[in-house]
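Here's the structure we're looking at; comments come further down.
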Amino acid sequence: MSLPRWPTVAAFLTGTLLCSTLAYAQDLALTKDSEFGFQRLIHFAQTGRLGDDIANANVGVLKDRVRIELIGRNGETRLLLLTRKTSTLALARYFDIEVGQGATASDAARVGKALDEAFEADPFEVALGAVGAYPGAQRVPSLAEAWRDGGARGVFRSLAWCVVTPPGLGYTLTVTVLLAIAALASLIVLWGSAP
Amino acid sequence: MAVDAGRSGTATLARRRPSPAAIVVCLGITLAAYAWLDHVNPPFAVTDDGVRDQLLARDCVELGDCHLIGAPTSVRGIHQGAAWIDLLVAVRFAGGTEATARAVVLGLLALSIGTLCLVIWRWLRPSLALPAAVLLLGALSYDAYPSQLINPSAAAFPDVLTAAALLCYALSGKRRYLVMTAFALGLAINFHVAAFSLVPSLVAAVGLTSRRPWHALLLAVGVLVITYVVTSRAALVANFDSLAGDGRLPFIGAALLVVALSSVWLGPWFQRLPRDRRAWGIGMILLLPFGIGTLWLTLRQGHYFGVTYLHPVLAPAATVAATLISIPFERVRYTRWIPTAVAALTFTALAVLAVLAPRHQVMQAGEQWTLTDAATIAARATRMGWSYDQLPFRLQSRNCRELLVGISAVAPPAFAASRGSRRHLQVLRVRRDRVAAFRGTDDVVALEGGDVAVVREIESWLRSEALLACRTPLGAAGASVCAPARPTAAESGGVARVSFLMRSFPEIHSLDVPPPYVETYEIPLTPAAGESRDMTIADGSPPQCRWHITRVEGVRADGALPTTHVVLHSDAGAPGRLVVERAAGTPSCPTDATARRYPPCVLEMQPGDPLGAQAGSR
């Protein structure tokens, strides 16, 4: 079977064009898929792998923020707040960890190590929202940056962000005008058609 | 779809030149159809979905926040495309309003009817053109969806283009019609996902018609995907993700492959068929996948079926129906003209009626707010110093949430203006003949349909912004869950950069318990010492879902509870509480009707207020 040349070329060019522009991505959020990773973290706490002084952990997730409450053997609590990684600190691969009430830097380091073990991939995903997508402040990394950060997976994720990036008014109007022209052309062809 | 039945006329047809008479007649049909559709469709009404789409368009035009995905559909995880919103964006960008968008939609629908008329005239038989067109006009006049300005409103336009181009392709085999079909289908699925049922039709028609079917299929799929990707790639990703996650993608892929393989196999046989049989075959191919899809949706998925989903098959169904109706008349030479004459008379009568008769009014004054009403009230509220973002919890009227949503569609961008926390804005609709008593005492604005509204500020006892919302499962299962009112988007995110959409659908909690449950709002009261208040629940809920005042604390109440109307007295001005509740998720009041997470409207009057009796009786 021979592939028709121009549709293939057009599809390739469109895909390349859409994914090669530097743009701003959607909001990123933790989805239900991240539940398994946090369950592993809780299991680490319950089995003493976060330290002998930690007996359990509570995890609360709200969109792109996580509140982790470590519960000590004596019932005392230590609070850590996780957000998507933007700093260069090496506590955890995918999270920035902020030390909260009762917690220390060593708690953050232990939890960071456990998070690296619990999450094999970046758990943050593009949030499409209830009525679609909202523009966020996250810049889509270039393909080189994506490769450095996450190899092939990072590149794939970067391309996915690129695909769903909301456009500006100019793009929307251009597309609408093109669609209108194509629809008008279709109408003209149909109204002028005959067997 | 009888084509040249009883004649060996294929060669005759092939030599036939396009007749300008057909264009003239079908243009006339288009104009008559527009006049009729404009006549029967009400003005744009305030509905959540309609206003949501207007707000998405405002986000794009005024804030530059445009989208590559449309609204979620009723099928979990599936989203509409963005082309419909893009159309609204273009209308707004060109300076148009909701009325302009309505005119554009009705124009597209009228053009669909004209196109169907012409394609049938030219490609099937002139005597079927007008009957099919009148049947399509009847179907498009069945409900008020066109003027609701939501995704299905204009969906018939790309659907008719798809079906017409597919018929032309199947009868001629010309590639340009295939490209048009694929483009129109990409647009149709974008407008409303029900048009996905035309994808198997396209695959089957290509397999049956083309002498190089795989080549043609690749071309069609390429054009369709490019059309969809350029406009709605985020929707494509979301839908693909959802279908893959639910395990439905392999099934859909396998079904399409079976259709492609079997149609390619049957292709040589199909291509040898007489032209009229091929036309019948294409008609059935356009109708059948929709029927199967509908059965799957209703029986397998338990989804409800609405007539608005019929748009993908309206054109082929109208054509088949016109053919069946015409068959008895076609058998006798002297009666062949009857269906066309009846259709022509119908179009003429509808056009005359549309011009001469008064326009259709479906709004029941006092029950529903129109966008024109909302715009009038928004303008008055702005002059009084109120911005939209101060109105959640502080707007008192009948159907206050609907009015709030309507105002959100037309209100200017938010601005920060201070407002005393006890002040509420009260909007009371009264008949024009009863307004004389209020002249000079309140602000009166004229509304659509001859009513007027009194727009005034009051000192309120209600502190709705500090309410507690609860849901308690009925029966033994589960404990009640409660949450305080969530701050509005403007309060929590800074007024300057909150999107129109985000700020405009006040959902003040996200409590969820399994139905059935009792839904409760505990609203704090801060009464003034020695004063009284007449409290009336003025929500537009159906009777079986009606809210009741069930408890009053801290103040004295006249009469027995539960009730929908109570007079409260405060002797010392001590804080109190008003509790309203209703059962929800019951067979008589399903959760669909109670999905809104906003307290019911409570109208508050001082005893003896002349507006109390007027507003109550309307």
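Identifiers in this document derive from the order of the structure tokens: chains are assigned A, B, ..., residues are numbered from 1 separately in each chain, and ligands are numbered from 1 in order of occurrence.
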
Check: which chain B residues lie within 8 Å of chain A using only C-alpha atoms, as a ChimeraX atom specification: /B:13-14,16-18,23,60-61,64-72,79,83,86-87,89-90,115,118-119,122-123,161,164-165,168,171-172,180,184,214-215,218-219,222-223,226,230-231,233-235,237-238

Within 12 Å of Phe393 in chain B using only C-alpha atoms, minus same-chain residues under 6 positions, as a PyMOL selection string: chain B and resi 400-401+404+421-426+460+462-467+485-488+506-508+523+598-603

Nearby residues (only C-alpha atoms) at most 8 Å from Asn399 in chain B, same-chain spacing under 4 positions excluded, as a PDB file with N, CA and C atoms, in the first residue's frame:
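Result written to around-v3.pdb:
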```pdb
ATOM      1  N   GLU B 367     -41.163  34.148  36.102  1.00  0.00           N
ATOM      2  CA  GLU B 367     -40.561  32.849  36.374  1.00  0.00           C
ATOM      3  C   GLU B 367     -39.124  32.782  35.871  1.00  0.00           C
ATOM      4  N   GLN B 368     -38.893  33.246  34.649  1.00  0.00           N
ATOM      5  CA  GLN B 368     -37.568  33.151  34.063  1.00  0.00           C
ATOM      6  C   GLN B 368     -37.039  34.535  33.761  1.00  0.00           C
ATOM      7  N   LEU B 403     -30.751  34.836  37.978  1.00  0.00           N
ATOM      8  CA  LEU B 403     -30.497  36.247  37.700  1.00  0.00           C
ATOM      9  C   LEU B 403     -29.003  36.553  37.847  1.00  0.00           C
ATOM     10  N   ALA B 538     -37.986  32.179  47.884  1.00  0.00           N
ATOM     11  CA  ALA B 538     -38.444  32.544  46.526  1.00  0.00           C
ATOM     12  C   ALA B 538     -37.617  31.800  45.497  1.00  0.00           C
ATOM     13  N   ASP B 539     -37.428  30.528  45.726  1.00  0.00           N
ATOM     14  CA  ASP B 539     -36.627  29.729  44.806  1.00  0.00           C
ATOM     15  C   ASP B 539     -37.517  29.171  43.706  1.00  0.00           C
ATOM     16  N   GLY B 540     -36.933  28.965  42.540  1.00  0.00           N
ATOM     17  CA  GLY B 540     -37.724  28.465  41.413  1.00  0.00           C
ATOM     18  C   GLY B 540     -37.756  26.959  41.315  1.00  0.00           C
ATOM     19  N   CYS B 601     -33.064  31.172  47.261  1.00  0.00           N
ATOM     20  CA  CYS B 601     -33.289  32.612  47.396  1.00  0.00           C
ATOM     21  C   CYS B 601     -34.248  32.871  48.561  1.00  0.00           C
TER      22      CYS B 601
END
```

Long-range neighbours of range 66-72 of chain A as an NGL selection string, 10 Å cut-off, only C-alpha atoms, 6 positions minimum in chain: :A and (30 or 38 or 41-42 or 45-46 or 50-60 or 78-84 or 95 or 97-98 or 100-103 or 107 or 111)

Emit the selected residues as an mmCIF file, in the first residue's frame, including C-alpha atoms.
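Output (part.cif):
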```cif
data_model
loop_
_atom_site.group_PDB
_atom_site.id
_atom_site.type_symbol
_atom_site.label_atom_id
_atom_site.label_comp_id
_atom_site.auth_asym_id
_atom_site.auth_seq_id
_atom_site.Cartn_x
_atom_site.Cartn_y
_atom_site.Cartn_z
ATOM 1 C CA LEU A 30 -2.182 15.772 41.129
ATOM 2 C CA PHE A 38 0.972 8.495 48.509
ATOM 3 C CA LEU A 41 4.397 6.849 51.517
ATOM 4 C CA ILE A 42 1.831 6.126 54.251
ATOM 5 C CA ALA A 45 5.500 5.637 57.724
ATOM 6 C CA GLN A 46 3.516 2.777 59.240
ATOM 7 C CA LEU A 50 10.495 7.085 57.791
ATOM 8 C CA GLY A 51 12.257 6.576 61.115
ATOM 9 C CA ASP A 52 11.518 4.818 64.373
ATOM 10 C CA ASP A 53 9.968 7.997 65.797
ATOM 11 C CA ILE A 54 7.254 8.092 63.062
ATOM 12 C CA ALA A 55 4.205 5.863 63.504
ATOM 13 C CA ASN A 56 1.863 7.015 60.734
ATOM 14 C CA ALA A 57 1.140 9.740 58.188
ATOM 15 C CA ASN A 58 -1.904 11.627 56.951
ATOM 16 C CA VAL A 59 -1.914 12.917 53.414
ATOM 17 C CA GLY A 60 -4.211 15.598 52.031
ATOM 18 C CA ARG A 78 4.909 17.353 62.162
ATOM 19 C CA LEU A 79 3.631 19.183 59.127
ATOM 20 C CA LEU A 80 5.212 19.211 55.662
ATOM 21 C CA LEU A 81 3.806 20.967 52.596
ATOM 22 C CA LEU A 82 4.612 19.703 49.109
ATOM 23 C CA THR A 83 4.320 21.588 45.841
ATOM 24 C CA ARG A 84 5.503 20.872 42.315
ATOM 25 C CA PHE A 95 8.339 17.951 44.859
ATOM 26 C CA ILE A 97 9.104 20.392 50.440
ATOM 27 C CA GLU A 98 8.287 23.178 52.849
ATOM 28 C CA GLY A 100 5.721 23.294 58.581
ATOM 29 C CA GLN A 101 4.700 23.263 62.217
ATOM 30 C CA GLY A 102 6.670 20.802 64.368
ATOM 31 C CA ALA A 103 8.785 19.454 61.514
ATOM 32 C CA ASP A 107 12.006 15.189 58.485
ATOM 33 C CA VAL A 111 10.210 12.300 53.410
#
```

Neighbour list for Arg49 in chain A as a count of residues only, cut-off 9 Å, only C-alpha atoms, skip fewer than 5 positions in-chain: 5

Close residues, Leu314 in chain B itself excluded, 8 Å, only C-alpha atoms, min 6 positions apart in chain, as a ChimeraX atom specification: /B:136,139,156,160

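The shortest atom-to-atom distance to Phe191 in chain B, with only C-alpha atoms taken into account, belongs to B:Ile85 out of B:Val40, B:Leu249, B:Ile85, B:Met284.
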